[in-house]
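Everything below concerns the one structure shown next.
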Amino acid sequence: MPLSRFYTRLFTVVYTSVQNSLGVFDTEEGLEKIHKWTRYQSCFNGPYLQDLDFSSQLYHANTWNTSMSPALDYFSSTKPAPVQPQTENTTIPNCLGTTSDDETYYNARLDPANYSNGPLSSNSATRLRQMLARPGIVVAPGICDGISARCAIDAGFDCLYQSGAATTASRLGQPDLAIATLNDFVGAASMVCSIDPTMPVIADADTGFGGPTMVSRTVTQYAKAGVAALHIEDQVQTKRCGHLLGKQVVSRDEFITRVRAAVLARDAIPGDSDFVIIARTDSAQVLGMEEAIIRLQLAARAGADVCFIEGVRTKELLESTVAALAPKPVLVNVISGGLTPSFTSSEAEAMGAKIIIFSLVSCVAMVHAARAAMQSLKKTGTDFTSAQGMDPKAFFKIMGLDAVVEFDARAGGSAFKDI
């Protein structure tokens, strides 16, 4: 039996069962549910669901019943005017069988206006939304381990970026070529977020590590680890650093599927999560800037909170990207020697960017410092020069020594009275 006929028969059985159990189809609300169910069923031959696995199809097919999932509420009713695509072929394939603006994601709870006033929250995700809703650019230095995170906090930064490349290098000693796994990233994020749970951490999530179900799992695990935001991209699974050559990207539909899966997963987190979804495209170097902007416009309509265009080569291109995606915040990634010019944070802010990350600032500096120290030790037989006068206690102070000693004393301990 053809697969499409199998799905149709299965949906007929499930549909009949639900119809009998709900018993509300004699009402206007019930008729609307029938209408939405029928449109979901007809979507099986559409381009959007071809990119979903069967379990995700069943999940999406049932989201019309708001008692099962809140996600569909955010694709209906009254909402602000969405960002308008620049070309005719820029509609979002979706499971409601329509490509009208009525299906643009909108969650009133997450409206930026709700975060523009009041004291900064102790919840890192909420705090990041507050920072995005208020004046000023968010500057997030790339960290790769606990030492670099401590150094960033010590320098006075109020947001951190967990770079995938830096994490792969520090945890595995490997290049950024899709070698690190979800577990590697979550383990690193858990450690970094535990240092200061109020500090927003934006974390690289690569491609989401699989299909929609894995994207959902990634969002859930990142949120549990204390991460405030993640970015998910449109490269193929065998991805590479966004500033290397030879990148390949998936179709528009598959990219939007990833974004939509991330949004649905966030909205399913109990307790009204403020977790921020950042959509990243690497298509500018593969398909051109026009396609990259279209993809991000579609991602914004699918529910992405922030748009991230990798490899913006000029000031003018960044400014035009910001204009095309307004009012969505835009993130720019600066890597010395990479595809994007070495914009300063103030320059990026003047161009309209809302977040700037410096992905490799810590790990590249650490390579230089460690190399010099090792070469000095090899040559001189001592580490005196490379230590630069820092004794063990001074080093541990940067790692939070005083806070640990103080807590021990408050709890009645005396083990660290003299240290």
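Here, A, B, ... name the chains of the structure tokens in the order displayed, residue numbers run from 1 inside each chain, and ligands are numbered from 1 in the same displayed order.
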
Problem - All strand (DSSP E or B) residues (DSSP, backbone) inside segment 119-358 of chain A, as a PyMOL selection string - result: chain A and resi 138-143+160-162+201-204+229-233+235+249+276-281+306-309+330-333+355-358

Those residues you just picked out, can you put them in a file as a JSON list (two decimals), in the first residue's frame with C-alpha atoms?
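out-v9.json, written as the output of this step:
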[["chain", "number", "residue", "atom", "x", "y", "z"],
["A", 138, "VAL", "CA", 23.97, 42.93, 24.04],
["A", 139, "VAL", "CA", 27.67, 42.04, 23.96],
["A", 140, "ALA", "CA", 28.39, 38.36, 24.55],
["A", 141, "PRO", "CA", 32.02, 37.18, 24.56],
["A", 142, "GLY", "CA", 32.59, 33.62, 23.44],
["A", 143, "ILE", "CA", 33.60, 31.30, 26.26],
["A", 160, "LEU", "CA", 27.97, 35.00, 27.71],
["A", 161, "TYR", "CA", 28.11, 33.07, 24.46],
["A", 162, "GLN", "CA", 28.90, 29.35, 24.45],
["A", 201, "VAL", "CA", 24.08, 32.30, 28.30],
["A", 202, "ILE", "CA", 23.44, 32.09, 24.56],
["A", 203, "ALA", "CA", 24.48, 28.66, 23.32],
["A", 204, "ASP", "CA", 25.23, 27.25, 19.89],
["A", 229, "ALA", "CA", 18.89, 31.12, 24.36],
["A", 230, "LEU", "CA", 20.10, 28.87, 21.59],
["A", 231, "HIS", "CA", 20.64, 29.36, 17.90],
["A", 232, "ILE", "CA", 19.77, 26.71, 15.35],
["A", 233, "GLU", "CA", 21.04, 26.83, 11.78],
["A", 235, "GLN", "CA", 23.49, 23.79, 7.48],
["A", 249, "VAL", "CA", 22.54, 24.16, 3.55],
["A", 276, "VAL", "CA", 14.85, 32.57, 23.40],
["A", 277, "ILE", "CA", 14.95, 30.93, 19.96],
["A", 278, "ILE", "CA", 17.53, 32.34, 17.55],
["A", 279, "ALA", "CA", 17.35, 31.33, 13.89],
["A", 280, "ARG", "CA", 20.69, 31.29, 12.09],
["A", 281, "THR", "CA", 21.25, 31.00, 8.36],
["A", 306, "VAL", "CA", 16.12, 36.72, 17.02],
["A", 307, "CYS", "CA", 17.65, 36.42, 13.54],
["A", 308, "PHE", "CA", 21.31, 35.53, 13.00],
["A", 309, "ILE", "CA", 22.87, 35.88, 9.56],
["A", 330, "VAL", "CA", 19.55, 40.79, 14.59],
["A", 331, "LEU", "CA", 22.64, 39.01, 15.90],
["A", 332, "VAL", "CA", 26.04, 39.44, 14.28],
["A", 333, "ASN", "CA", 29.02, 37.14, 14.84],
["A", 355, "ILE", "CA", 23.43, 41.25, 19.77],
["A", 356, "ILE", "CA", 27.10, 40.89, 18.93],
["A", 357, "ILE", "CA", 29.06, 37.76, 19.78],
["A", 358, "PHE", "CA", 32.80, 37.25, 19.62]]

Problem - Who sits within 10 Å of segment 360-374 of chain A, only C-alpha atoms, same chain under 5 positions skipped, as a PyMOL selection string - result: chain A and resi 141-145+147-149+151-152+161-167+169-170+333-336+379-387

Exercise for the section: Rank nothing, just name the residue among A:Ser320, A:Met131, A:Gly412, A:Ala228 nearest to Pro119 of chain A, using only C-alpha atoms. Expected result: A:Met131

Exercise for the section: List every residue of segment 100-130 of chain A that DSSP, applied to the backbone of this structure, places in alpha helix (DSSP H), and write the result as a ChimeraX atom specification. Expected result: /A:124-130

Problem - Among the residues A:Asp176, A:Asp305, A:Asp282, A:Asp206, the one that comes closest to Lys354 of chain A [using only C-alpha atoms] - result: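 Distance minimum relative to Lys354 of chain A lands on A:Asp305.
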
Exercise for the section: For each of A:Met289, A:Ala403, A:Leu339, A:Met351, take the minimum atom-to-atom distance to Ile195 of chain A, counting only C-alpha atoms, then give the residue where this is smallest. Expected result: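 Among the listed residues, the smallest separation from Ile195 of chain A belongs to A:Ala403.
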
Practice task
Do a neighbour search on Ser283 of chain A at 10 Å with only C-alpha atoms, toss out local chain neighbours closer than 3 positions, and write the hits as a list in words.
Solution key: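 Once the nearby chain positions are removed, what remains is Glu233, Asp234, Gln235, Gly242, Lys247, Gln248, Val249, Val250, Ser251, Arg252, Arg280, Val286, Leu287, Gly288, Met289, Glu290, Glu291, Ala292, Ile293, Arg295, Ile309, Glu310 and Gly311 of chain A.
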
Export N, CA, C and O atoms of the chosen residues as a short mmCIF file (atom, residue, chain, number, x, y, z; two decimals), in the first residue's frame?
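The resulting file, part-v2.cif, is shown below:
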data_model
loop_
_atom_site.label_atom_id
_atom_site.label_comp_id
_atom_site.auth_asym_id
_atom_site.auth_seq_id
_atom_site.Cartn_x
_atom_site.Cartn_y
_atom_site.Cartn_z
N GLU A 233 20.64 26.37 13.11
CA GLU A 233 21.04 26.83 11.78
C GLU A 233 20.50 25.94 10.67
O GLU A 233 19.89 24.89 10.92
N ASP A 234 20.78 26.37 9.43
CA ASP A 234 20.28 25.65 8.26
C ASP A 234 21.37 24.89 7.50
O ASP A 234 21.16 24.51 6.35
N GLN A 235 22.50 24.63 8.12
CA GLN A 235 23.49 23.79 7.48
C GLN A 235 23.02 22.33 7.50
O GLN A 235 22.15 21.95 8.29
N GLY A 242 30.90 28.29 10.55
CA GLY A 242 30.27 29.17 9.58
C GLY A 242 31.24 30.07 8.84
O GLY A 242 30.86 30.71 7.86
N LYS A 247 30.47 25.24 2.71
CA LYS A 247 29.25 24.95 3.47
C LYS A 247 28.13 24.49 2.53
O LYS A 247 28.07 24.88 1.37
N GLN A 248 27.24 23.65 3.07
CA GLN A 248 26.03 23.23 2.38
C GLN A 248 24.85 23.49 3.31
O GLN A 248 24.96 23.33 4.53
N VAL A 249 23.72 23.87 2.73
CA VAL A 249 22.54 24.16 3.55
C VAL A 249 21.36 23.31 3.08
O VAL A 249 21.31 22.84 1.95
N VAL A 250 20.43 23.12 4.00
CA VAL A 250 19.22 22.36 3.70
C VAL A 250 18.22 23.28 2.99
O VAL A 250 18.46 24.48 2.83
N SER A 251 17.10 22.73 2.59
CA SER A 251 16.06 23.51 1.92
C SER A 251 15.42 24.51 2.89
O SER A 251 15.54 24.39 4.11
N ARG A 252 14.72 25.47 2.31
CA ARG A 252 13.97 26.41 3.15
C ARG A 252 13.01 25.67 4.08
O ARG A 252 12.90 25.97 5.27
N ARG A 280 19.45 30.92 12.79
CA ARG A 280 20.69 31.29 12.09
C ARG A 280 20.68 30.70 10.68
O ARG A 280 20.32 29.53 10.49
N VAL A 286 26.31 30.50 0.29
CA VAL A 286 25.97 29.39 -0.59
C VAL A 286 24.97 29.82 -1.66
O VAL A 286 25.14 29.52 -2.85
N LEU A 287 23.93 30.54 -1.24
CA LEU A 287 22.84 30.91 -2.15
C LEU A 287 22.66 32.40 -2.34
O LEU A 287 21.81 32.82 -3.12
N GLY A 288 23.42 33.20 -1.61
CA GLY A 288 23.34 34.64 -1.77
C GLY A 288 22.58 35.33 -0.65
O GLY A 288 21.80 34.71 0.08
N MET A 289 22.79 36.63 -0.51
CA MET A 289 22.20 37.40 0.57
C MET A 289 20.67 37.46 0.47
O MET A 289 19.98 37.45 1.49
N GLU A 290 20.15 37.56 -0.74
CA GLU A 290 18.69 37.63 -0.89
C GLU A 290 18.03 36.40 -0.30
O GLU A 290 17.05 36.49 0.45
N GLU A 291 18.56 35.23 -0.60
CA GLU A 291 18.00 33.99 -0.05
C GLU A 291 18.17 33.94 1.46
O GLU A 291 17.27 33.49 2.18
N ALA A 292 19.30 34.42 1.95
CA ALA A 292 19.53 34.41 3.39
C ALA A 292 18.48 35.26 4.11
O ALA A 292 17.95 34.86 5.16
N ILE A 293 18.19 36.43 3.57
CA ILE A 293 17.20 37.31 4.20
C ILE A 293 15.81 36.69 4.13
O ILE A 293 15.04 36.74 5.09
N ARG A 295 15.08 33.54 4.10
CA ARG A 295 15.02 32.46 5.10
C ARG A 295 14.80 33.01 6.50
O ARG A 295 14.03 32.44 7.28
N ILE A 309 22.36 36.13 10.90
CA ILE A 309 22.87 35.88 9.56
C ILE A 309 24.38 35.73 9.65
O ILE A 309 25.08 36.67 10.05
N GLU A 310 24.89 34.57 9.34
CA GLU A 310 26.31 34.28 9.46
C GLU A 310 27.07 34.77 8.24
O GLU A 310 26.61 34.66 7.10
N GLY A 311 28.26 35.33 8.49
CA GLY A 311 29.14 35.72 7.40
C GLY A 311 28.75 36.98 6.66
O GLY A 311 28.93 37.05 5.44
#

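Nearest to Gly246 of chain A of all the residues A:Pro341, A:Gln285, A:Glu406, A:Ala326 is A:Gln285, based on only C-alpha atoms.
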
Practice task
Within 12 Å of Phe275 of chain A, counting only C-alpha atoms, which residues show up once you throw out same-chain ones fewer than 3 positions away? Write them as number ranges by chain, please.
Solution key: A: 110, 123-130, 200-203, 219-231, 262-272, 278, 304-306

Handout entry: Interatomic distance (Å, one decimal) between atom CA of Ile137 of chain A and atom CA of Glu349 of chain A
Key = 5.7 Å
